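query18.txt (compact mmCIF, C-alpha atoms)
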# COMPACT_ATOMS: atom_id res chain seq x y z
CA MET A 632 33.84 -18.09 -47.98
CA PRO A 633 30.86 -18.75 -45.68
CA SER A 634 29.24 -15.76 -44.07
CA PRO A 635 29.58 -15.53 -40.31
CA SER A 636 26.62 -16.70 -38.25
CA TYR A 637 25.26 -15.06 -35.11
CA PRO A 638 23.19 -16.63 -32.36
CA ALA A 639 19.50 -15.98 -32.90
CA GLY A 640 19.09 -15.08 -29.24
CA ASN A 641 21.53 -12.18 -29.52
CA PHE A 642 19.71 -10.87 -32.58
CA VAL A 643 16.34 -10.99 -30.81
CA LYS A 644 17.84 -9.38 -27.70
CA ASP A 645 19.43 -6.56 -29.71
CA ARG A 646 16.21 -5.99 -31.61
CA HIS A 647 14.23 -5.79 -28.37
CA GLU A 648 16.75 -3.40 -26.83
CA GLY A 649 16.66 -1.20 -29.91
CA PHE A 650 12.86 -1.13 -29.86
CA ARG A 651 12.89 -0.33 -26.13
CA ILE A 652 15.27 2.61 -26.65
CA LEU A 653 13.08 3.91 -29.48
CA GLU A 654 10.01 3.52 -27.29
CA TYR A 655 11.54 5.41 -24.37
CA THR A 656 12.80 8.13 -26.72
CA LEU A 657 9.32 8.63 -28.16
CA LEU A 658 7.76 8.76 -24.68
CA GLY A 659 10.42 11.22 -23.58
CA ILE A 660 9.69 13.50 -26.54
CA ILE A 661 5.96 13.40 -25.78
CA MET A 662 6.61 14.17 -22.12
CA MET A 663 8.85 17.13 -22.99
CA ALA A 664 6.25 18.45 -25.44
CA VAL A 665 3.56 18.27 -22.74
CA MET A 666 5.93 19.99 -20.31
CA LEU A 667 6.47 22.83 -22.79
CA LEU A 668 2.70 23.12 -23.30
CA CYS A 669 2.13 23.35 -19.55
CA VAL A 670 4.72 26.11 -19.22
CA CYS A 671 3.20 28.08 -22.10
CA ALA A 672 -0.48 27.72 -21.14
CA GLY A 673 -2.18 29.20 -18.11
CA SER A 674 -4.06 32.30 -16.99
CA VAL A 675 -1.66 34.18 -19.30
CA SER A 676 -0.76 32.37 -22.53
CA ILE A 677 2.85 32.73 -23.65
CA PRO A 678 4.11 31.92 -27.20
CA VAL A 679 6.26 28.81 -27.52
CA ASP A 680 9.24 30.66 -29.02
CA ASP A 681 9.21 33.18 -26.13
CA THR A 682 9.12 30.34 -23.62
CA ILE A 683 12.03 28.51 -25.23
CA THR A 684 14.03 31.74 -25.50
CA ALA A 685 13.47 32.62 -21.84
CA ILE A 686 14.48 29.17 -20.60
CA TRP A 687 17.48 28.88 -22.92
CA ASN A 688 18.86 32.33 -22.11
CA THR A 689 18.36 31.82 -18.37
CA ILE A 690 20.22 28.51 -18.44
CA TRP A 691 23.21 30.04 -20.24
CA GLY A 692 23.18 33.29 -18.27
CA GLN A 693 22.22 35.47 -21.22
CA PRO A 694 19.84 38.46 -20.96
CA VAL A 695 16.21 37.76 -21.81
CA PRO A 696 14.80 40.09 -24.51
CA ALA A 697 12.39 42.76 -23.36
CA GLY A 698 8.73 41.82 -23.62
CA ILE A 699 9.24 38.20 -22.54
CA SER A 700 7.80 37.35 -19.13
CA GLN A 701 10.88 35.70 -17.65
CA SER A 702 9.52 35.82 -14.09
CA ILE A 703 6.36 33.90 -15.04
CA ILE A 704 8.11 31.37 -17.25
CA VAL A 705 11.31 30.66 -15.31
CA PHE A 706 10.43 31.37 -11.70
CA VAL A 707 6.75 30.42 -11.48
CA ARG A 708 5.64 27.92 -14.11
CA LEU A 709 8.79 25.96 -14.90
CA PRO A 710 9.58 24.86 -11.30
CA ARG A 711 5.93 23.98 -10.78
CA VAL A 712 5.75 21.88 -13.94
CA LEU A 713 9.02 20.12 -13.03
CA CYS A 714 7.64 19.26 -9.57
CA VAL A 715 4.35 18.04 -11.06
CA ALA A 716 6.18 15.79 -13.53
CA LEU A 717 8.45 14.33 -10.83
CA VAL A 718 5.54 13.70 -8.45
CA GLY A 719 3.51 12.03 -11.20
CA ALA A 720 6.43 9.81 -12.20
CA SER A 721 7.13 8.85 -8.58
CA LEU A 722 3.53 8.05 -7.64
CA SER A 723 2.96 6.02 -10.80
CA LEU A 724 6.18 4.06 -10.29
CA CYS A 725 5.21 3.36 -6.67
CA GLY A 726 1.76 2.20 -7.73
CA GLY A 727 3.12 -0.20 -10.36
CA ALA A 728 5.63 -1.63 -7.88
CA MET A 729 2.98 -2.10 -5.17
CA GLN A 730 0.55 -3.81 -7.53
CA GLY A 731 3.27 -6.21 -8.62
CA LEU A 732 4.54 -6.84 -5.11
CA LEU A 733 1.15 -7.40 -3.48
CA ARG A 734 -0.47 -8.95 -6.56
CA ASN A 735 -3.51 -6.78 -5.91
CA PRO A 736 -5.07 -4.59 -8.64
CA LEU A 737 -6.36 -2.17 -5.99
CA ALA A 738 -2.90 -1.60 -4.55
CA ASP A 739 -0.98 1.60 -4.92
CA GLY A 740 1.52 3.56 -2.90
CA SER A 741 -1.08 4.49 -0.30
CA THR A 742 -2.05 0.88 0.37
CA LEU A 743 0.57 0.64 3.10
CA GLY A 744 -0.91 3.62 4.90
CA VAL A 745 2.36 5.49 4.38
CA SER A 746 0.59 8.26 2.45
CA SER A 747 -1.77 8.82 5.38
CA GLY A 748 1.16 8.78 7.78
CA ALA A 749 3.03 11.36 5.73
CA SER A 750 -0.11 13.51 5.54
CA LEU A 751 -0.49 13.32 9.31
CA GLY A 752 3.08 14.49 9.84
CA ALA A 753 2.72 17.40 7.41
CA ILE A 754 -0.60 18.50 8.91
CA LEU A 755 0.90 18.44 12.40
CA ALA A 756 3.72 20.69 11.13
CA ILE A 757 1.22 23.12 9.59
CA ALA A 758 -1.16 23.12 12.57
CA PHE A 759 1.52 23.66 15.20
CA GLY A 760 3.75 25.91 13.11
CA ILE A 761 6.78 23.58 13.08
CA THR A 762 9.43 25.19 10.91
CA ILE A 763 13.15 25.06 10.21
CA PRO A 764 15.03 28.39 10.09
CA GLY A 765 15.96 29.26 6.53
CA LEU A 766 13.63 26.65 5.01
CA PRO A 767 10.01 27.84 4.78
CA ILE A 768 8.57 24.36 4.19
CA GLY A 769 11.40 22.46 5.86
CA GLY A 770 9.30 21.52 8.87
CA THR A 771 6.53 20.12 6.69
CA VAL A 772 8.97 18.10 4.56
CA ILE A 773 10.86 16.66 7.52
CA MET A 774 7.70 15.82 9.48
CA ALA A 775 6.07 14.15 6.46
CA MET A 776 9.14 12.02 5.72
CA LEU A 777 9.59 11.18 9.41
CA PHE A 778 5.98 10.08 9.84
CA ALA A 779 6.12 8.13 6.56
CA PHE A 780 9.04 6.04 7.85
CA MET A 781 7.45 5.71 11.29
CA SER A 782 4.24 4.48 9.65
CA LEU A 783 6.17 1.91 7.65
CA VAL A 784 8.00 0.64 10.73
CA LEU A 785 4.76 0.42 12.71
CA ILE A 786 2.81 -1.36 9.95
CA LEU A 787 5.58 -3.87 9.20
CA SER A 788 6.17 -4.52 12.91
CA LEU A 789 2.49 -5.24 13.53
CA SER A 790 2.32 -7.37 10.38
CA TYR A 791 5.38 -9.34 11.47
CA ARG A 792 3.93 -9.95 14.94
CA LEU A 793 0.72 -11.27 13.39
CA ASP A 794 2.32 -13.17 10.51
CA PHE A 795 6.03 -14.02 10.52
CA SER A 796 5.94 -14.62 6.75
CA LEU A 797 4.77 -11.03 6.12
CA SER A 798 2.04 -12.14 3.71
CA THR A 799 0.56 -9.49 1.44
CA ASN A 800 -2.92 -9.87 2.93
CA THR A 801 -1.61 -9.07 6.40
CA ILE A 802 0.31 -6.02 5.17
CA ILE A 803 -2.74 -4.70 3.28
CA LEU A 804 -4.97 -5.23 6.33
CA MET A 805 -2.57 -3.36 8.61
CA GLY A 806 -2.25 -0.60 6.02
CA VAL A 807 -6.02 -0.13 5.80
CA ILE A 808 -6.38 -0.09 9.60
CA PHE A 809 -3.57 2.43 9.99
CA THR A 810 -5.03 4.64 7.25
CA MET A 811 -8.35 4.80 9.12
CA PHE A 812 -6.52 5.59 12.36
CA ALA A 813 -4.40 8.34 10.78
CA ASN A 814 -7.42 9.89 9.04
CA SER A 815 -9.29 10.05 12.34
CA ILE A 816 -6.40 11.98 13.90
CA ILE A 817 -6.25 14.28 10.86
CA SER A 818 -9.99 15.01 11.22
CA LEU A 819 -9.47 15.81 14.90
CA ILE A 820 -6.63 18.23 14.10
CA ILE A 821 -8.71 19.92 11.39
CA THR A 822 -11.56 20.40 13.87
CA PHE A 823 -9.36 22.44 16.19
CA SER A 824 -7.11 24.06 13.56
CA GLY A 825 -8.82 27.47 13.75
CA GLU A 826 -7.38 30.04 11.35
CA LYS A 827 -5.13 27.43 9.74
CA LEU A 828 -8.11 25.42 8.51
CA LYS A 829 -8.00 26.89 4.97
CA SER A 830 -4.29 26.13 4.56
CA ILE A 831 -4.68 22.56 5.84
CA MET A 832 -7.75 21.81 3.72
CA PHE A 833 -6.10 23.17 0.56
CA TRP A 834 -3.00 21.09 1.28
CA THR A 835 -5.01 17.89 1.88
CA MET A 836 -6.60 18.31 -1.57
CA GLY A 837 -3.15 18.31 -3.16
CA SER A 838 -1.48 21.30 -4.76
CA LEU A 839 1.91 22.14 -6.22
CA ALA A 840 1.28 25.87 -6.53
CA GLY A 841 4.27 27.87 -5.41
CA SER A 842 6.74 25.02 -5.99
CA SER A 843 10.39 25.97 -6.20
CA TYR A 844 13.52 24.57 -7.81
CA GLN A 845 14.55 23.43 -4.34
CA ASN A 846 11.42 21.27 -4.21
CA ALA A 847 12.19 19.92 -7.69
CA LEU A 848 15.73 19.04 -6.63
CA ILE A 849 14.48 17.14 -3.58
CA LEU A 850 11.98 15.22 -5.70
CA PHE A 851 14.60 14.47 -8.36
CA ILE A 852 17.11 13.11 -5.83
CA ALA A 853 14.44 10.95 -4.19
CA LEU A 854 13.29 9.56 -7.55
CA ALA A 855 16.87 8.97 -8.72
CA VAL A 856 17.79 7.03 -5.57
CA PHE A 857 14.65 5.12 -4.62
CA GLY A 858 13.16 4.93 -8.13
CA THR A 859 16.35 3.31 -9.44
CA LEU A 860 16.18 0.78 -6.61
CA ILE A 861 12.60 -0.11 -7.52
CA LEU A 862 13.48 -0.51 -11.19
CA ARG A 863 16.32 -2.86 -10.25
CA PHE A 864 13.76 -5.28 -8.79
CA ALA A 865 11.63 -5.48 -11.96
CA LYS A 866 12.71 -9.07 -12.60
CA GLU A 867 11.85 -10.11 -9.04
CA LEU A 868 8.45 -8.42 -9.30
CA ASN A 869 7.76 -10.56 -12.38
CA ALA A 870 8.45 -13.61 -10.23
CA PHE A 871 5.97 -12.37 -7.60
CA ALA A 872 3.23 -12.56 -10.24
CA ILE A 873 3.18 -16.36 -9.95
CA GLY A 874 3.04 -16.28 -6.16
CA GLU A 875 5.47 -15.80 -3.32
CA ASP A 876 6.12 -19.53 -2.90
CA ASN A 877 6.96 -19.95 -6.56
CA ALA A 878 9.13 -16.83 -6.47
CA ARG A 879 11.00 -18.30 -3.51
CA HIS A 880 11.50 -21.56 -5.42
CA VAL A 881 13.09 -19.78 -8.39
CA GLY A 882 15.64 -18.15 -6.12
CA VAL A 883 14.04 -14.82 -5.14
CA ASN A 884 14.80 -13.60 -1.63
CA VAL A 885 11.19 -12.72 -0.89
CA LYS A 886 11.71 -10.86 2.39
CA LYS A 887 14.65 -8.85 1.06
CA VAL A 888 12.74 -7.76 -2.05
CA LYS A 889 9.67 -6.90 0.00
CA PHE A 890 11.60 -4.75 2.46
CA ALA A 891 13.59 -2.99 -0.26
CA VAL A 892 10.52 -2.18 -2.38
CA LEU A 893 8.38 -1.17 0.59
CA ILE A 894 11.05 1.13 2.00
CA SER A 895 11.68 2.71 -1.41
CA VAL A 896 7.97 3.24 -2.01
CA SER A 897 7.52 4.74 1.44
CA ALA A 898 10.42 7.15 0.98
CA LEU A 899 9.17 8.33 -2.41
CA ILE A 900 5.60 8.79 -1.17
CA GLY A 901 6.81 10.62 1.92
CA VAL A 902 8.73 13.13 -0.19
CA CYS A 903 5.85 13.58 -2.68
CA VAL A 904 3.26 14.11 0.05
CA SER A 905 5.49 16.53 1.93
CA ILE A 906 5.75 18.78 -1.14
CA GLY A 907 2.50 18.26 -3.06
CA GLY A 908 0.01 17.09 -0.47
CA THR A 909 -2.38 14.19 -1.00
CA ILE A 910 -2.75 13.38 -4.71
CA GLY A 911 -4.85 10.31 -5.30
CA PHE A 912 -5.46 7.80 -8.09
CA VAL A 913 -2.23 8.46 -10.00
CA GLY A 914 -0.54 5.36 -8.63
CA LEU A 915 -3.73 3.35 -9.03
CA VAL A 916 -4.90 4.18 -12.55
CA ILE A 917 -1.72 4.84 -14.55
CA PRO A 918 -0.12 1.40 -13.94
CA HIS A 919 -3.46 -0.18 -14.93
CA MET A 920 -3.55 1.73 -18.19
CA THR A 921 0.11 0.96 -18.84
CA ARG A 922 -0.47 -2.73 -18.20
CA MET A 923 -3.29 -2.74 -20.75
CA ILE A 924 -0.96 -1.18 -23.34
CA VAL A 925 2.37 -2.98 -22.82
CA GLY A 926 1.47 -6.06 -20.79
CA PRO A 927 2.45 -7.23 -17.29
CA ASN A 928 6.25 -7.42 -17.73
CA HIS A 929 7.61 -5.05 -15.08
CA LYS A 930 10.78 -4.43 -17.09
CA ARG A 931 8.61 -2.41 -19.47
CA LEU A 932 5.67 -1.64 -17.20
CA LEU A 933 7.59 0.33 -14.56
CA PRO A 934 9.62 2.64 -16.85
CA ILE A 935 6.64 3.37 -19.09
CA SER A 936 4.44 4.01 -16.05
CA LEU A 937 7.02 6.55 -14.98
CA PHE A 938 6.70 8.47 -18.27
CA LEU A 939 2.91 8.21 -18.43
CA GLY A 940 2.49 9.22 -14.79
CA ALA A 941 4.50 12.39 -15.33
CA THR A 942 2.55 13.24 -18.50
CA PHE A 943 -0.83 12.55 -16.91
CA LEU A 944 -0.21 14.68 -13.82
CA MET A 945 1.12 17.59 -15.89
CA LEU A 946 -2.05 17.56 -18.00
CA ALA A 947 -4.21 17.27 -14.86
CA ASP A 948 -2.42 20.26 -13.31
CA LEU A 949 -2.87 22.24 -16.52
CA LEU A 950 -6.58 21.40 -16.55
CA GLY A 951 -6.91 22.57 -12.95
CA ARG A 952 -5.23 25.88 -13.83
CA VAL A 953 -7.23 26.75 -16.95
CA MET A 954 -10.64 25.09 -16.51
CA LEU A 955 -12.08 27.71 -14.11
CA ASN A 956 -9.67 30.54 -14.90
CA PRO A 957 -8.92 32.73 -12.94
CA LEU A 958 -9.78 30.26 -10.17
CA GLU A 959 -7.48 27.26 -9.73
CA LEU A 960 -8.61 23.75 -8.83
CA PRO A 961 -6.29 21.75 -6.56
CA ILE A 962 -4.56 19.04 -8.54
CA GLY A 963 -5.79 16.35 -6.14
CA VAL A 964 -9.40 17.22 -6.97
CA VAL A 965 -8.72 16.87 -10.71
CA THR A 966 -6.90 13.54 -10.38
CA SER A 967 -9.57 12.11 -8.08
CA PHE A 968 -12.34 13.11 -10.47
CA ILE A 969 -10.60 11.78 -13.58
CA GLY A 970 -9.05 8.78 -11.84
CA SER A 971 -12.25 7.53 -10.23
CA ILE A 972 -14.15 7.55 -13.53
CA THR A 973 -11.22 6.00 -15.40
CA PHE A 974 -10.75 3.27 -12.82
CA VAL A 975 -14.43 2.29 -12.96
CA ILE A 976 -14.17 2.01 -16.77
CA ILE A 977 -10.96 -0.04 -16.56
CA PHE A 978 -12.41 -2.30 -13.88
CA TYR A 979 -15.58 -2.83 -15.91
CA GLN A 980 -13.63 -3.64 -19.08
CA SER A 981 -11.35 -6.08 -17.25
CA ARG A 982 -14.32 -7.86 -15.64
CA LYS A 983 -16.09 -7.99 -18.99
CA ALA A 984 -13.02 -9.42 -20.67
CA GLY A 985 -12.58 -11.94 -17.85
Would you encode the structure as structure tokens?
Amino acid sequence: MPSPSYPAGNFVKDRHEGFRILEYTLLGIIMMAVMLLCVCAGSVSIPVDDTITAIWNTIWGQPVPAGISQSIIVFVRLPRVLCVALVGASLSLCGGAMQGLLRNPLADGSTLGVSSGASLGAILAIAFGITIPGLPIGGTVIMAMLFAFMSLVLILSLSYRLDFSLSTNTIILMGVIFTMFANSIISLIITFSGEKLKSIMFWTMGSLAGSSYQNALILFIALAVFGTLILRFAKELNAFAIGEDNARHVGVNVKKVKFAVLISVSALIGVCVSIGGTIGFVGLVIPHMTRMIVGPNHKRLLPISLFLGATFLMLADLLGRVMLNPLELPIGVVTSFIGSITFVIIFYQSRKAG
């Protein structure tokens, strides 16, 4: 009796899916290990078994044994590390999507000027004391998200008036101009900020110190909603790699994809900036490094960038906490220092290879 035959395409597809699941599982394990390391390490080092016990018992409502610093582990470090991981994943995902959409290696989530717009909104909230009763940072979050969306609307409106096709060059140009405009207003506010200068300057350098589970929940919801939408357009972003005209010829609704990706990126950046301040180079460098490892296919590039972005920012935050102990470096300073050097090396290697 002849053995049954299976289409070769199904076998290859199943093999690729199995490899992809194994790959994501391995990256997830690495990310969780780094997360545990970041919770254990700091100005006060805590044993791994104590950390796991404190988290496990807190989750299940059991008493934590005496001698274990539950307050440090559960209420200080864990929410901070969760927020750092979510911000890193979001910024990296946004950067990979923007580089694919605009076909520009220098593009990241801040290319649109949305990051500067969100920063402007948050700084206005800090400078003028805009708050929401019951939510200590509610005013900053709302203002940052509001200004992020307003920036997007303004930039796309100006781009559309100048170029009805909404070409990437026009969008980048408007984003750069708006960034310069927003930064000039930020500098003006800082000049007259008075006693709030220290708070504003520390926030502009990026920091997730004092993050709460409420912040982590907001970041998680934003990533789940808008990050999923970005991942759904991975196939269309692959088509953009051969040019907008060619993407249109193969059936991609160019304007729809652009608007959906740009809005999703703007929303994610607005939430990240409102909670963590300005954190640079994550969305620029991590997608580059991921592309060098796994190639340009956005079906793999975007999810892996998400994992690597979270891992990178957690390690950067840990370095900022322990490098000058007991002093703490803002996470934005660490990422800018590491990211700028890394990007120069990547750019040099790519030019040399080219």
Go ahead and compute the interatomic distance for atom CA of His919 of chain A and atom CA of Leu733 of chain A, in Å to one decimal.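 Taking atom CA of His919 of chain A as the start and atom CA of Leu733 of chain A as the end point, the length is 14.3 Å.
If you measure from each of A:Thr909, A:Ser798, A:Ser824, A:Ser790 to Ser741 of chain A using all atoms listed in the file, the closest one turns out to be A:Thr909.
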Using all atoms listed in the file, what does the table of segment 892-926 of chain A residues within 12 Å of segment 947-962 of chain A look like, with each row giving the shortest atom pair and its distance in Å to one decimal, sorted by chain and ascending number, as a tab-separated table?
residue	atom	partner	partner_atom	distance
A:Gly907	CA	A:Ile962	CA	9.0
A:Gly908	CA	A:Ile962	CA	9.5
A:Thr909	CA	A:Ile962	CA	9.2
A:Ile910	CA	A:Ile962	CA	7.1
A:Gly911	CA	A:Ile962	CA	9.3
A:Phe912	CA	A:Ile962	CA	11.3
A:Val913	CA	A:Ala947	CA	10.3
Within 9 Å of Met774 of chain A using all atoms listed in the file, minus same-chain residues under 3 positions, as a PyMOL selection string: chain A and resi 749+751-756+761+769-771+777-779+905
Go ahead and save the residues from that selection, with C-alpha atoms, as a PDB file, keeping the file's coordinate frame.
ATOM      1  CA  ALA A 749       3.030  11.360   5.730  1.00  0.00           C
ATOM      2  CA  LEU A 751      -0.490  13.320   9.310  1.00  0.00           C
ATOM      3  CA  GLY A 752       3.080  14.490   9.840  1.00  0.00           C
ATOM      4  CA  ALA A 753       2.720  17.400   7.410  1.00  0.00           C
ATOM      5  CA  ILE A 754      -0.600  18.500   8.910  1.00  0.00           C
ATOM      6  CA  LEU A 755       0.900  18.440  12.400  1.00  0.00           C
ATOM      7  CA  ALA A 756       3.720  20.690  11.130  1.00  0.00           C
ATOM      8  CA  ILE A 761       6.780  23.580  13.080  1.00  0.00           C
ATOM      9  CA  GLY A 769      11.400  22.460   5.860  1.00  0.00           C
ATOM     10  CA  GLY A 770       9.300  21.520   8.870  1.00  0.00           C
ATOM     11  CA  THR A 771       6.530  20.120   6.690  1.00  0.00           C
ATOM     12  CA  LEU A 777       9.590  11.180   9.410  1.00  0.00           C
ATOM     13  CA  PHE A 778       5.980  10.080   9.840  1.00  0.00           C
ATOM     14  CA  ALA A 779       6.120   8.130   6.560  1.00  0.00           C
ATOM     15  CA  SER A 905       5.490  16.530   1.930  1.00  0.00           C
TER      16      SER A 905
END
As a VMD selection string, please: the residues near Thr682 of chain A (cut-off 12 Å, all atoms listed in the file, same-chain neighbours under 2 positions excluded). chain A and resid 666 to 672 676 to 680 684 to 689 695 to 696 698 to 705 708 to 709
In Å, rounded to a single decimal, give me how far atom CA of Ile917 of chain A is from atom CA of Gly940 of chain A.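 Distance reported for this atom pair: 6.1 Å.
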Ranking A:Ser895, A:Gly970, A:Leu933, A:Ile757 by minimum distance to Ile821 of chain A and counting only C-alpha atoms, which one comes first?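 Comparing A:Ser895, A:Gly970, A:Leu933, A:Ile757 against Ile821 of chain A, the winner is A:Ile757.
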